[in-house]
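For reference, run-v3.pdb is printed below; it contains PDB, C-alpha atoms and all ligand atoms.
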```
ATOM      1  CA  MET D   1     110.543 129.065 100.905  1.00  0.00           C
ATOM      2  CA  ARG D   2     110.438 129.904  97.224  1.00  0.00           C
ATOM      3  CA  TYR D   3     109.710 127.174  94.763  1.00  0.00           C
ATOM      4  CA  HIS D   4     112.334 126.859  92.084  1.00  0.00           C
ATOM      5  CA  ARG D   5     111.394 125.394  88.763  1.00  0.00           C
ATOM      6  CA  ARG D   6     113.801 122.645  87.933  1.00  0.00           C
ATOM      7  CA  MET D   7     114.130 119.893  85.405  1.00  0.00           C
ATOM      8  CA  GLU D   8     113.285 117.439  88.093  1.00  0.00           C
ATOM      9  CA  HIS D   9     110.208 117.014  90.206  1.00  0.00           C
ATOM     10  CA  ARG D  10     109.634 114.306  92.746  1.00  0.00           C
ATOM     11  CA  CYS D  11     106.496 112.273  93.105  1.00  0.00           C
ATOM     12  CA  PRO D  12     104.882 113.268  96.439  1.00  0.00           C
ATOM     13  CA  ILE D  13     104.008 109.630  97.113  1.00  0.00           C
ATOM     14  CA  CYS D  14     107.065 107.531  96.280  1.00  0.00           C
ATOM     15  CA  ARG D  15     109.655 110.322  95.777  1.00  0.00           C
ATOM     16  CA  THR D  16     110.570 109.059  92.352  1.00  0.00           C
ATOM     17  CA  ALA D  17     111.972 111.777  90.120  1.00  0.00           C
ATOM     18  CA  VAL D  18     109.438 112.849  87.515  1.00  0.00           C
ATOM     19  CA  ALA D  19     110.704 114.719  84.495  1.00  0.00           C
ATOM     20  CA  ASN D  20     108.808 117.904  83.680  1.00  0.00           C
ATOM     21  CA  ALA D  21     108.753 116.854  80.044  1.00  0.00           C
ATOM     22  CA  SER D  22     106.378 114.066  80.950  1.00  0.00           C
ATOM     23  CA  ALA D  23     104.003 116.349  82.835  1.00  0.00           C
ATOM     24  CA  GLY D  24     101.553 116.416  79.950  1.00  0.00           C
ATOM     25  CA  ARG D  25     101.372 112.670  79.603  1.00  0.00           C
ATOM     26  CA  ARG D  26     101.639 111.457  83.146  1.00  0.00           C
ATOM     27  CA  PRO D  27      99.310 112.162  86.061  1.00  0.00           C
ATOM     28  CA  TYR D  28     101.508 115.043  87.178  1.00  0.00           C
ATOM     29  CA  PRO D  29     102.678 115.686  89.879  1.00  0.00           C
ATOM     30  CA  PHE D  30     102.631 111.957  90.451  1.00  0.00           C
ATOM     31  CA  CYS D  31     104.957 109.543  88.691  1.00  0.00           C
ATOM     32  CA  SER D  32     102.143 107.170  87.813  1.00  0.00           C
ATOM     33  CA  SER D  33      98.408 106.733  88.025  1.00  0.00           C
ATOM     34  CA  ARG D  34      99.059 104.257  90.837  1.00  0.00           C
ATOM     35  CA  CYS D  35     100.638 106.947  93.012  1.00  0.00           C
ATOM     36  CA  ARG D  36      97.868 109.352  92.046  1.00  0.00           C
ATOM     37  CA  ASP D  37      95.351 106.785  93.261  1.00  0.00           C
ATOM     38  CA  VAL D  38      97.303 106.307  96.495  1.00  0.00           C
ATOM     39  CA  ASP D  39      97.175 110.050  97.106  1.00  0.00           C
ATOM     40  CA  LEU D  40      93.473 110.190  96.270  1.00  0.00           C
ATOM     41  CA  GLY D  41      92.855 107.259  98.572  1.00  0.00           C
ATOM     42  CA  ARG D  42      94.682 108.967 101.420  1.00  0.00           C
ATOM     43  CA  TRP D  43      92.743 112.152 100.849  1.00  0.00           C
ATOM     44  CA  LEU D  44      89.393 110.372 100.787  1.00  0.00           C
ATOM     45  CA  ASP D  45      90.380 108.307 103.802  1.00  0.00           C
ATOM     46  CA  GLY D  46      91.042 111.466 105.793  1.00  0.00           C
ATOM     47  CA  ALA D  47      87.969 113.223 104.429  1.00  0.00           C
ATOM     48  CA  TYR D  48      85.707 110.391 105.501  1.00  0.00           C
ATOM     49  CA  ARG D  49      87.294 109.694 108.864  1.00  0.00           C
ATOM     50  CA  VAL D  50      87.943 113.145 110.319  1.00  0.00           C
ATOM     51  CA  PRO D  51      84.294 114.269 110.665  1.00  0.00           C
ATOM     52  CA  VAL D  52      83.333 111.049 112.454  1.00  0.00           C
ATOM     53  CA  THR D  53      83.895 111.842 116.133  1.00  0.00           C
ATOM     54  CA  ASP D  54      81.280 109.674 117.842  1.00  0.00           C
ATOM     55  CA  GLU D  55      82.570 106.387 116.504  1.00  0.00           C
ATOM     56  CA  ALA D  56      83.258 103.465 118.816  1.00  0.00           C
ATOM     57  CA  PRO D  57      85.778 104.528 121.493  1.00  0.00           C
ATOM     58  CA  THR D  58      89.332 103.254 121.282  1.00  0.00           C
ATOM     59  CA  GLU D  59      90.708 100.696 123.722  1.00  0.00           C
ATOM     60  CA  GLU D  60      92.574 103.486 125.460  1.00  0.00           C
ATOM     61  CA  GLU D  61      89.395 105.499 125.944  1.00  0.00           C
ATOM     62  CA  ILE D  62      87.536 102.467 127.296  1.00  0.00           C
ATOM     63  CA  ALA D  63      90.362 101.658 129.725  1.00  0.00           C
ATOM     64  CA  LEU D  64      90.409 105.246 130.951  1.00  0.00           C
ATOM     65  CA  ALA D  65      86.628 105.358 131.382  1.00  0.00           C
ATOM     66  CA  VAL D  66      86.654 102.062 133.286  1.00  0.00           C
ATOM     67  CA  ALA D  67      89.476 103.252 135.521  1.00  0.00           C
ATOM     68  CA  VAL D  68      87.666 106.513 136.326  1.00  0.00           C
ATOM     69  CA  GLU D  69      84.434 104.632 136.973  1.00  0.00           C
ATOM     70  CA  ARG D  70      86.088 102.141 139.334  1.00  0.00           C
ATOM     71  CA  THR D  71      88.010 104.708 141.353  1.00  0.00           C
ATOM     72  CA  GLY D  72      84.912 106.893 141.546  1.00  0.00           C
ATOM     73  CA  PHE D  73      82.652 104.104 142.871  1.00  0.00           C
ATOM     74  CA  ARG D  74      85.118 102.579 145.286  1.00  0.00           C
ATOM     75  CA  GLY D  75      86.370 105.940 146.499  1.00  0.00           C
ATOM     76  CA  ASP D  76      82.908 107.157 147.517  1.00  0.00           C
ATOM     77  CA  ALA D  77      81.613 103.779 148.807  1.00  0.00           C
TER      78      ALA D  77
HETATM   79 ZN    ZN D 101     105.166 107.798  92.580  1.00  0.00          ZN
END
```
Represent the supplied structure as C-alpha cells.
Ligand SMILES: [Zn+2]
Amino acid sequence: MRYHRRMEHRCPICRTAVANASAGRRPYPFCSSRCRDVDLGRWLDGAYRVPVTDEAPTEEEIALAVAVERTGFRGDA
C-alpha cells in the first residue's frame, strides 16, 4: 500500500491528528513527547521481555505440568 503524503498525520499512539507543519517542533511522528515516551516504553518493554524465555513459568504452564505429572504417576502405578 503506497503512502500518500497528506496534510494530516496521525499519532501512532493516541491517533490524534498531527499537522505536518508542526513536524519540526513536535516529536514527530508523535503528537507529544508523552506519546513518544509511551512508544519508547513499549519498545523497551518488548526488547527486555522477549529474550527472557526461562523466567518463572505461568500459572497455565504449572497447571499443565502438574496435570501431566499426576496422570503419569497414577497411570503407571
Ligand atoms: Zn499522541
Next on the checklist: For a cutoff of 6 Å around the file-coordinate point (100.3, 106.3, 97.4), which residues qualify once you count all atoms listed in the file? I'd like the result as a PyMOL selection string.
Outcome noted: chain D and resi 13+35+38-39
Would you give me, as a tab-separated table, each residue of chain D having an atom within 9 Å of an atom of ligand ZN 101 (chain D), along with its shortest atom pair and that distance in Å to one decimal, using only C-alpha atoms and all ligand atoms and sorting by chain and residue number?
```
residue	atom	partner	partner_atom	distance
D:Arg10	CA	D:ZN101	ZN	7.9
D:Cys11	CA	D:ZN101	ZN	4.7
D:Pro12	CA	D:ZN101	ZN	6.7
D:Ile13	CA	D:ZN101	ZN	5.0
D:Cys14	CA	D:ZN101	ZN	4.2
D:Arg15	CA	D:ZN101	ZN	6.1
D:Thr16	CA	D:ZN101	ZN	5.6
D:Ala17	CA	D:ZN101	ZN	8.3
D:Val18	CA	D:ZN101	ZN	8.3
D:Pro29	CA	D:ZN101	ZN	8.7
D:Phe30	CA	D:ZN101	ZN	5.3
D:Cys31	CA	D:ZN101	ZN	4.3
D:Ser32	CA	D:ZN101	ZN	5.7
D:Ser33	CA	D:ZN101	ZN	8.2
D:Arg34	CA	D:ZN101	ZN	7.3
D:Cys35	CA	D:ZN101	ZN	4.6
D:Arg36	CA	D:ZN101	ZN	7.5
D:Val38	CA	D:ZN101	ZN	8.9
```
Restrict the selected residues to C-alpha atoms and save them as an mmCIF file, in the frame of the given file.
```cif
data_model
loop_
_atom_site.group_PDB
_atom_site.id
_atom_site.type_symbol
_atom_site.label_atom_id
_atom_site.label_comp_id
_atom_site.auth_asym_id
_atom_site.auth_seq_id
_atom_site.Cartn_x
_atom_site.Cartn_y
_atom_site.Cartn_z
ATOM 1 C CA ARG D 10 109.634 114.306 92.746
ATOM 2 C CA CYS D 11 106.496 112.273 93.105
ATOM 3 C CA PRO D 12 104.882 113.268 96.439
ATOM 4 C CA ILE D 13 104.008 109.630 97.113
ATOM 5 C CA CYS D 14 107.065 107.531 96.280
ATOM 6 C CA ARG D 15 109.655 110.322 95.777
ATOM 7 C CA THR D 16 110.570 109.059 92.352
ATOM 8 C CA ALA D 17 111.972 111.777 90.120
ATOM 9 C CA VAL D 18 109.438 112.849 87.515
ATOM 10 C CA PRO D 29 102.678 115.686 89.879
ATOM 11 C CA PHE D 30 102.631 111.957 90.451
ATOM 12 C CA CYS D 31 104.957 109.543 88.691
ATOM 13 C CA SER D 32 102.143 107.170 87.813
ATOM 14 C CA SER D 33 98.408 106.733 88.025
ATOM 15 C CA ARG D 34 99.059 104.257 90.837
ATOM 16 C CA CYS D 35 100.638 106.947 93.012
ATOM 17 C CA ARG D 36 97.868 109.352 92.046
ATOM 18 C CA VAL D 38 97.303 106.307 96.495
#
```
Next on the checklist: Just the number, please: distance in Å from CA of Gly46 (chain D) to CA of Thr58 (chain D), one decimal.
Outcome noted: 17.6 Å
All file atoms of region 31-44 of chain D boxed axis-aligned, 6 Å per side, centre plus edges, as JSON:
```
{"center_x": 97.2, "center_y": 108.2, "center_z": 94.6, "size_x": 27.6, "size_y": 19.9, "size_z": 25.6}
```
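Between CA of Leu44 (chain D) and CA of His9 (chain D) the separation is 24.3 Å.
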